[in-house]
Amino acid sequence: MLWNIVLKEVREMLTLTTIGTIIAVTAIFASMGGLVSMTKGETTKKPVIAVLNLDTPGSKLAAVVVVTLSESCEVIYLGTDDRAGLKTLRANSRGAALIEIPAGFDARLRSGHQGKLGVTWIMRGAGALDTISSAVMERHFLSVSRAVSRELVTARIGGADIAAADVIVDPIQRIENTFFKEKLIPMLSPAKISQILAAQSITVPIIMMIILMLGGAVVVSSMGLEKENKTLETLLTLPVSRRTLVMGKLLGSAIVGILMAGIFAIGFRFYIQNFEAPAESLAVLGLDLGIGDYILVIVSLFASLLFGLAFALLLGVLARDYKSAQMLTYAILVLAMFPMMIVMLKDFDTVPLSLQILLFIIPFSHPMMAMRQLALENSGFVIWGILYSFLAAGLLTAAVVRVFRAEVLVTGILRFQKRPPTEDS
Amino acid sequence: MSLLLVDDIHKIFHKTHAVRGVSFEIRPNEIFGLVGPNGAGKTTTLRMIAALLRPSSGTIRFDGKDTAIDPDGFRPYISYLPEDAGVYKNLTGHQYLAFIARFFEDREPATAIAARGAEMTGLGERLSSRVSTYSKGMTRKLVIARALMVRPQLAILDEPTSGLDVISAITVRERIRNAADHGSVLLSSHNLLEVENLCHRIAFLFAGTIIECGTPEELRAKYDRKTIEEVFLHLVREKRPQEEK
């Protein structure tokens with residue numbers, strides 16, 4: 001009986017249109033991932049530049065600039081003709097900037113005045129990713145500045161002691177350790193740790209949102225379609241218990257929702273891998289997860305999904321038709337968005353008590369928080385969250401079964417019936 | 001011995017008293033007609049008998065047992081066809097019949113039930129197409145076959161031939177007659193000629209109350225009318241002025 005309903009739900013909801021839509025969204029995410037990956041590649045490549053050296057031949061500081069730039073950039077023109085330099089640069093598809101070392105550059109610096117370097121950028125587009133080469137060049141200008149400083153200091157202190165010059169240019173080195181949740185993490189600042197953990201904190205909440213969005217929409221739509229297609233009355237007179245009916249709908253929708261989310265996850269994986277810290281860096285921090293941890297995350301996801309689908313089914317009862325059912329899906333998303341926004345910005349331990357209570361009450365929060373809590377070896381919190389989520393899902397499912405036994409599905413008026421007396425009474 | 005005994009049932013929705021003390025019985029292998037003008041309470045009565053709604057008071061007994069106490073135990077013996085019954089549009093006709101048949105496979109293999117349903121529809125190869133491509137008439141043939149293929153002890157049919165052409169309606173009436181070989185049929189229809197030809201007994205429902213019940217012959221003789229349609233008109237005209245008072 002149960003699998004008969006499950007099979008019907010899957011056949012009814014898993015149409016070519018729905019599969020096509022999710023594949024299209026997946027392809028968009030995958031191509032976005034490709035674009036981000038390509039941009040990341042750009043940042044690791046040497047920028048292509050032209051250098052115009054107009055200072056006196058033999059100028060040492062001008063030579064330092066040229067050598068430093070040549071180490072970090074691909075210099076495709078080095079000369080004194082600005083027109084030729086610009087032409088060569090523009091002809092190269094990756095040409096980023098024309099750097100001009102003006103006449104008297106060396107003399108000016110040695111006389112105690114600030115030196116000036118002219119930069120003419122080649123801007124090929126106004127998009128954020130189009131200007132990445134100029135951001136990369138900023139780093140190399142800093143290197144040029146330090147090299148010139150070192151040369152000037154070396155000259156002042158007598159020439160030989162390069163190490164001493166380095167100390168004057170950069171006298172302090174920070175050695176950072178961070179004490180985080182009972183753990184001493186060496187050589188890293190809080191900002192860096194947060195950055196490493198960020199991708200891990202985003203992946204599960206987003207996958208949770210997608211599963212809820214798709215699975216919830218499937219459940220709500222299933223009820224909306226039953227009403228719109230006038231199939232509900234027939235279904236309710238078939239020889240199947242209301243509990244089996246509810247479980248069949250939940251399970252069928254869960255299968256369709258998870259399948260669709262699985263397809264989506266492939267595309268999302270392409271996208272998110274660009275932001276994830278490598279597993280080794282998490283292991284170095286002592287924040288990597290074992291197989292048992294991942295199993296707990298999956299169980300937590302499953303418990304929350306059950307709650308979400310039962311909630312969606314309850315909303316589906318209120319839907320008049322397919323269109324209004326689609327609108328009701330937003331109620332689930334809002335309930336999931338709230339913990340997602342908080343979890344992405346703050347840790348559970350650092351939010352006020354009222355928010356902690358609210359986060360714990362909403363079962364969707366638990367899988368969103370699970371990975372970070374497990375990384376910090378707080379598995380007790382995750383297990384309590386799982387138990388609570390299963391309890392909430394069970395209670396909500398029982399409430400849905402009760403609604404299915406009521407007349408509301410036929411009349412649209414919510415009024416529960418008293419349990420009928422037994423034959424004996 | 002009656003198969004179904006409806007005893008003084010009432011249904012109140014908020015302030016609307018939709019059904020007011022309806023009582024009748026249906027005997028084994030009987031086709032029983034329930035007729036009345038729009039808003040008389042026919043669909044509400046059928047829904048209460050199908051255990052979709054609970055009577056506000058009164059009892060419905062099937063085979064001697066109160067259906068409100070164990071609706072799950074009662075449902076395997078009935079088949080309900082709502083007036084506007086629909087079908088899952090993304091399923092094919094065959095898939096739909098197989099889906100329904102599997103709920104009844106404890107008494108007969110689902111494939112045999114579905115095969116009987118397929119034959120009843122007369123839709124042939126079109127049963128392999130998605131229901132979303134069917135005309136209204138084809139869909140109606142499919143849902144009628146769905147209701148009768150399981151050979152229920154009580155088939156509750158609300159306007160079974162509405163939307164069907166003359167030839168299809170004749171075929172469906174024949175199916176309903178055959179269904180009475182295996183169980184009883186409770187039929188509601190506005191087509192009084194159909195009711196007169198099919199039903200062994202007919203009850204007239206007006207403003208939530210049964211105002212007359214009997215065999216077609218008894219009713220025609222009692223009111224000295226040639227057809228059940230004329231009896232119906234007579235009864236409604238007689239009741240309408242009273243209702244207006």
# chains A, B, ... in the order shown; residues from 1 in each chain; ligands from 1

$ select_by_dssp --residues "stretch 118-333 of chain A" --states "strand (DSSP E or B)" --output "NGL selection string"
:A and (118-121 or 177-180 or 183-186)

$ closest_atom_pairs --of "chain B" --to "chain A" --cutoff "6 Å" --atoms "only C-alpha atoms" --output "JSON lines"
{"residue": "B:Leu53", "atom": "CA", "partner": "A:Glu407", "partner_atom": "CA", "distance": 5.9}
{"residue": "B:Ile69", "atom": "CA", "partner": "A:Pro420", "partner_atom": "CA", "distance": 5.7}
{"residue": "B:Arg75", "atom": "CA", "partner": "A:Pro239", "partner_atom": "CA", "distance": 4.9}
{"residue": "B:Pro76", "atom": "CA", "partner": "A:Pro239", "partner_atom": "CA", "distance": 4.8}
{"residue": "B:Ala85", "atom": "CA", "partner": "A:Lys230", "partner_atom": "CA", "distance": 5.4}
{"residue": "B:Gly86", "atom": "CA", "partner": "A:Lys230", "partner_atom": "CA", "distance": 4.7}
{"residue": "B:Val87", "atom": "CA", "partner": "A:Thr231", "partner_atom": "CA", "distance": 5.8}
{"residue": "B:Asn90", "atom": "CA", "partner": "A:Glu12", "partner_atom": "CA", "distance": 5.2}

$ write_last_selection --atoms "C-alpha atoms" --output "short mmCIF file (atom, residue, chain, number, x, y, z; two decimals), in the first residue's frame"
data_model
loop_
_atom_site.label_atom_id
_atom_site.label_comp_id
_atom_site.auth_asym_id
_atom_site.auth_seq_id
_atom_site.Cartn_x
_atom_site.Cartn_y
_atom_site.Cartn_z
CA LEU B 53 -18.01 13.23 6.21
CA ILE B 69 -16.63 3.64 14.18
CA ARG B 75 -13.71 1.30 2.79
CA PRO B 76 -12.55 -1.99 1.14
CA ALA B 85 -13.93 13.04 -10.15
CA GLY B 86 -10.55 13.68 -11.76
CA VAL B 87 -7.53 11.60 -12.59
CA ASN B 90 0.74 12.73 -15.43
#

$ closest_atom_pairs --of "stretch 320-361 of chain A" --to "stretch 162-181 of chain A" --cutoff "12 Å" --atoms "only C-alpha atoms" --output "CSV"
residue,atom,partner,partner_atom,distance
A:Asp347,CA,A:Lys181,CA,10.9
A:Phe348,CA,A:Lys181,CA,12.0
A:Asp349,CA,A:Lys181,CA,9.7
A:Thr350,CA,A:Lys181,CA,11.2

$ closest_residue --among "B:Ala147, B:Ile228, B:Ile49, B:Leu81" --to "B:Ile100" --atoms "only C-alpha atoms"
B:Ala147

$ closest_residue --among "B:Cys199, B:Arg54, B:Leu127, B:Ile211" --to "B:Arg177" --atoms "only C-alpha atoms"
B:Cys199

$ residues_around --residues "A:Val317" --least-positions-apart "4" --cutoff "9 Å" --atoms "only C-alpha atoms" --output "VMD selection string"
chain A and resid 220 223 to 224 312 to 313 325 400 403 to 404 408 to 409 412

$ write_last_selection --atoms "C-alpha atoms" --output "PDB file, in the first residue's frame"
ATOM      1  CA  VAL A 220       2.594  21.257  -1.260  1.00  0.00           C
ATOM      2  CA  MET A 223      -1.807  18.379  -2.285  1.00  0.00           C
ATOM      3  CA  GLY A 224      -2.652  21.352  -4.503  1.00  0.00           C
ATOM      4  CA  ALA A 312       4.662  21.347   3.819  1.00  0.00           C
ATOM      5  CA  LEU A 313       1.918  18.700   3.817  1.00  0.00           C
ATOM      6  CA  ALA A 325       0.068  25.719  -3.072  1.00  0.00           C
ATOM      7  CA  VAL A 400      -1.060  15.839   9.696  1.00  0.00           C
ATOM      8  CA  VAL A 403      -5.960  16.579   9.776  1.00  0.00           C
ATOM      9  CA  PHE A 404      -6.327  13.851   7.134  1.00  0.00           C
ATOM     10  CA  VAL A 408     -11.227  19.734   6.335  1.00  0.00           C
ATOM     11  CA  LEU A 409      -9.833  18.034   3.240  1.00  0.00           C
ATOM     12  CA  GLY A 412     -12.184  23.154   3.512  1.00  0.00           C
TER      13      GLY A 412
END

$ select_by_dssp --residues "stretch 11-173 of chain A" --states "helix (DSSP H, G or I)" --output "JSON, numbers by chain"
{"A": [11, 12, 13, 16, 17, 18, 19, 20, 21, 22, 23, 24, 25, 26, 27, 28, 29, 30, 31, 32, 33, 34, 35, 36, 37, 38, 39, 40, 41, 42, 43, 44, 60, 61, 62, 63, 64, 65, 66, 67, 68, 69, 70, 71, 72, 82, 83, 84, 85, 86, 87, 88, 89, 90, 91, 105, 106, 107, 108, 109, 110, 128, 129, 130, 131, 132, 133, 134, 135, 136, 137, 138, 139, 140, 141, 142, 143, 144, 145, 146, 147, 148, 149, 150, 151, 152, 153, 154, 155, 156, 162, 163, 164, 165, 166, 167, 168, 169]}

$ write_last_selection --atoms "C-alpha atoms" --output "short mmCIF file (atom, residue, chain, number, x, y, z; two decimals), in the first residue's frame"
data_model
loop_
_atom_site.label_atom_id
_atom_site.label_comp_id
_atom_site.auth_asym_id
_atom_site.auth_seq_id
_atom_site.Cartn_x
_atom_site.Cartn_y
_atom_site.Cartn_z
CA ARG A 11 5.30 9.32 -11.24
CA GLU A 12 2.97 12.28 -10.76
CA MET A 13 5.62 14.76 -9.63
CA LEU A 16 10.20 15.80 -17.82
CA THR A 17 9.43 19.49 -17.18
CA THR A 18 10.53 19.36 -13.54
CA ILE A 19 13.67 17.37 -14.36
CA GLY A 20 14.46 19.76 -17.25
CA THR A 21 14.07 22.79 -14.97
CA ILE A 22 16.38 21.45 -12.30
CA ILE A 23 18.98 20.39 -14.89
CA ALA A 24 18.89 23.93 -16.33
CA VAL A 25 19.45 25.45 -12.85
CA THR A 26 22.25 22.92 -12.26
CA ALA A 27 23.90 23.91 -15.54
CA ILE A 28 23.73 27.60 -14.54
CA PHE A 29 25.48 26.89 -11.22
CA ALA A 30 28.07 24.68 -12.93
CA SER A 31 28.85 27.41 -15.47
CA MET A 32 29.04 30.00 -12.67
CA GLY A 33 31.53 27.69 -10.97
CA GLY A 34 33.50 27.51 -14.21
CA LEU A 35 33.59 31.31 -14.42
CA VAL A 36 34.78 31.66 -10.82
CA SER A 37 37.40 28.96 -11.42
CA MET A 38 38.60 30.79 -14.53
CA THR A 39 38.83 34.05 -12.57
CA LYS A 40 40.78 32.34 -9.81
CA GLY A 41 43.18 31.11 -12.51
CA GLU A 42 43.59 34.70 -13.65
CA THR A 43 44.75 35.75 -10.18
CA THR A 44 47.53 33.15 -10.16
CA LYS A 60 69.96 51.92 -10.07
CA LEU A 61 66.53 52.54 -8.51
CA ALA A 62 64.85 52.41 -11.93
CA ALA A 63 66.65 49.08 -12.47
CA VAL A 64 65.29 47.81 -9.11
CA VAL A 65 61.75 48.65 -10.27
CA VAL A 66 62.26 46.87 -13.61
CA VAL A 67 63.80 43.75 -12.00
CA THR A 68 61.10 43.50 -9.32
CA LEU A 69 58.30 43.87 -11.87
CA SER A 70 59.98 41.33 -14.17
CA GLU A 71 60.00 38.76 -11.32
CA SER A 72 56.27 39.04 -10.67
CA ASP A 82 55.19 55.13 -25.02
CA ARG A 83 53.25 54.67 -28.29
CA ALA A 84 55.05 51.41 -29.06
CA GLY A 85 54.59 50.21 -25.48
CA LEU A 86 50.85 50.94 -25.51
CA LYS A 87 50.41 49.37 -28.94
CA THR A 88 52.20 46.16 -27.86
CA LEU A 89 50.14 46.03 -24.67
CA ARG A 90 46.79 46.54 -26.40
CA ALA A 91 47.61 43.88 -28.96
CA PHE A 105 63.06 58.95 -10.73
CA ASP A 106 66.32 57.86 -9.05
CA ALA A 107 67.57 61.37 -8.33
CA ARG A 108 64.27 62.48 -6.85
CA LEU A 109 64.17 59.57 -4.39
CA ARG A 110 67.79 59.98 -3.36
CA ALA A 128 33.88 43.00 -11.16
CA LEU A 129 35.79 40.06 -12.62
CA ASP A 130 37.10 42.18 -15.54
CA THR A 131 39.13 44.37 -13.18
CA ILE A 132 40.84 41.50 -11.39
CA SER A 133 44.24 42.17 -13.06
CA SER A 134 44.41 45.67 -11.52
CA ALA A 135 43.74 44.15 -8.07
CA VAL A 136 46.58 41.67 -8.63
CA MET A 137 48.93 44.51 -9.73
CA GLU A 138 48.30 46.35 -6.43
CA ARG A 139 50.15 43.52 -4.66
CA HIS A 140 53.11 43.78 -7.04
CA PHE A 141 53.34 47.58 -6.58
CA LEU A 142 53.77 46.93 -2.86
CA SER A 143 56.69 44.60 -3.66
CA VAL A 144 58.24 47.30 -5.88
CA SER A 145 57.88 49.85 -3.10
CA ARG A 146 59.57 47.53 -0.56
CA ALA A 147 62.41 46.71 -2.96
CA VAL A 148 63.05 50.42 -3.52
CA SER A 149 62.93 51.04 0.26
CA ARG A 150 65.42 48.23 0.86
CA GLU A 151 67.76 49.71 -1.79
CA LEU A 152 67.53 53.21 -0.26
CA VAL A 153 68.11 51.89 3.30
CA THR A 154 71.05 49.74 2.18
CA ALA A 155 72.62 52.83 0.59
CA ARG A 156 72.11 54.86 3.80
CA ILE A 162 70.91 43.55 3.33
CA ALA A 163 69.37 41.68 6.28
CA ALA A 164 69.57 44.81 8.43
CA ALA A 165 67.89 46.78 5.64
CA ASP A 166 65.05 44.25 5.61
CA VAL A 167 64.58 44.76 9.36
CA ILE A 168 64.35 48.52 8.94
CA VAL A 169 61.82 48.20 6.10
#

$ residues_around --residues "stretch 183-189 of chain B" --least-positions-apart "3" --cutoff "9 Å" --atoms "only C-alpha atoms" --output "number ranges by chain"
B: 3, 26-36, 42-43, 46, 151-162, 176-177, 179-180, 192, 194-195, 199

$ residues_around --residues "B:Pro55" --least-positions-apart "5" --cutoff "7 Å" --atoms "only C-alpha atoms" --output "MDAnalysis selection string"
chainID B and resid 9:11 48

$ residues_around --residues "B:Ala101" --least-positions-apart "5" --cutoff "6 Å" --atoms "only C-alpha atoms" --output "ChimeraX atom specification"
/B:110,113-114

$ closest_residue --among "B:Met1, B:Ala118, B:Glu25, B:Arg240" --to "B:Ala207" --atoms "only C-alpha atoms"
B:Arg240

$ closest_residue --among "B:His182, B:Arg220, B:Arg20, B:Arg175" --to "B:Ser56" --atoms "only C-alpha atoms"
B:Arg20

$ residues_around --residues "A:Leu78" --least-positions-apart "3" --cutoff "8 Å" --atoms "only C-alpha atoms" --output "list of chain:residue names"
A:Ala50, A:Val51, A:Leu52, A:Asn53, A:Val75, A:Gly85

$ write_last_selection --atoms "C-alpha atoms" --output "JSON list (two decimals), in the first residue's frame"
[["chain", "number", "residue", "atom", "x", "y", "z"],
["A", 50, "ALA", "CA", 54.76, 47.06, -20.58],
["A", 51, "VAL", "CA", 57.50, 49.08, -18.83],
["A", 52, "LEU", "CA", 58.56, 52.52, -20.06],
["A", 53, "ASN", "CA", 61.90, 53.43, -18.48],
["A", 75, "VAL", "CA", 56.95, 42.22, -19.23],
["A", 85, "GLY", "CA", 54.59, 50.21, -25.48]]

$ atom_distance --atom1 "atom CA of B:Thr133" --atom2 "atom CA of A:Leu250"
27.9 Å

$ atom_distance --atom1 "atom CA of B:Glu238" --atom2 "atom CA of B:Asn197"
24.4 Å

$ atom_distance --atom1 "atom CA of B:Ile144" --atom2 "atom CA of B:Phe74"
20.5 Å
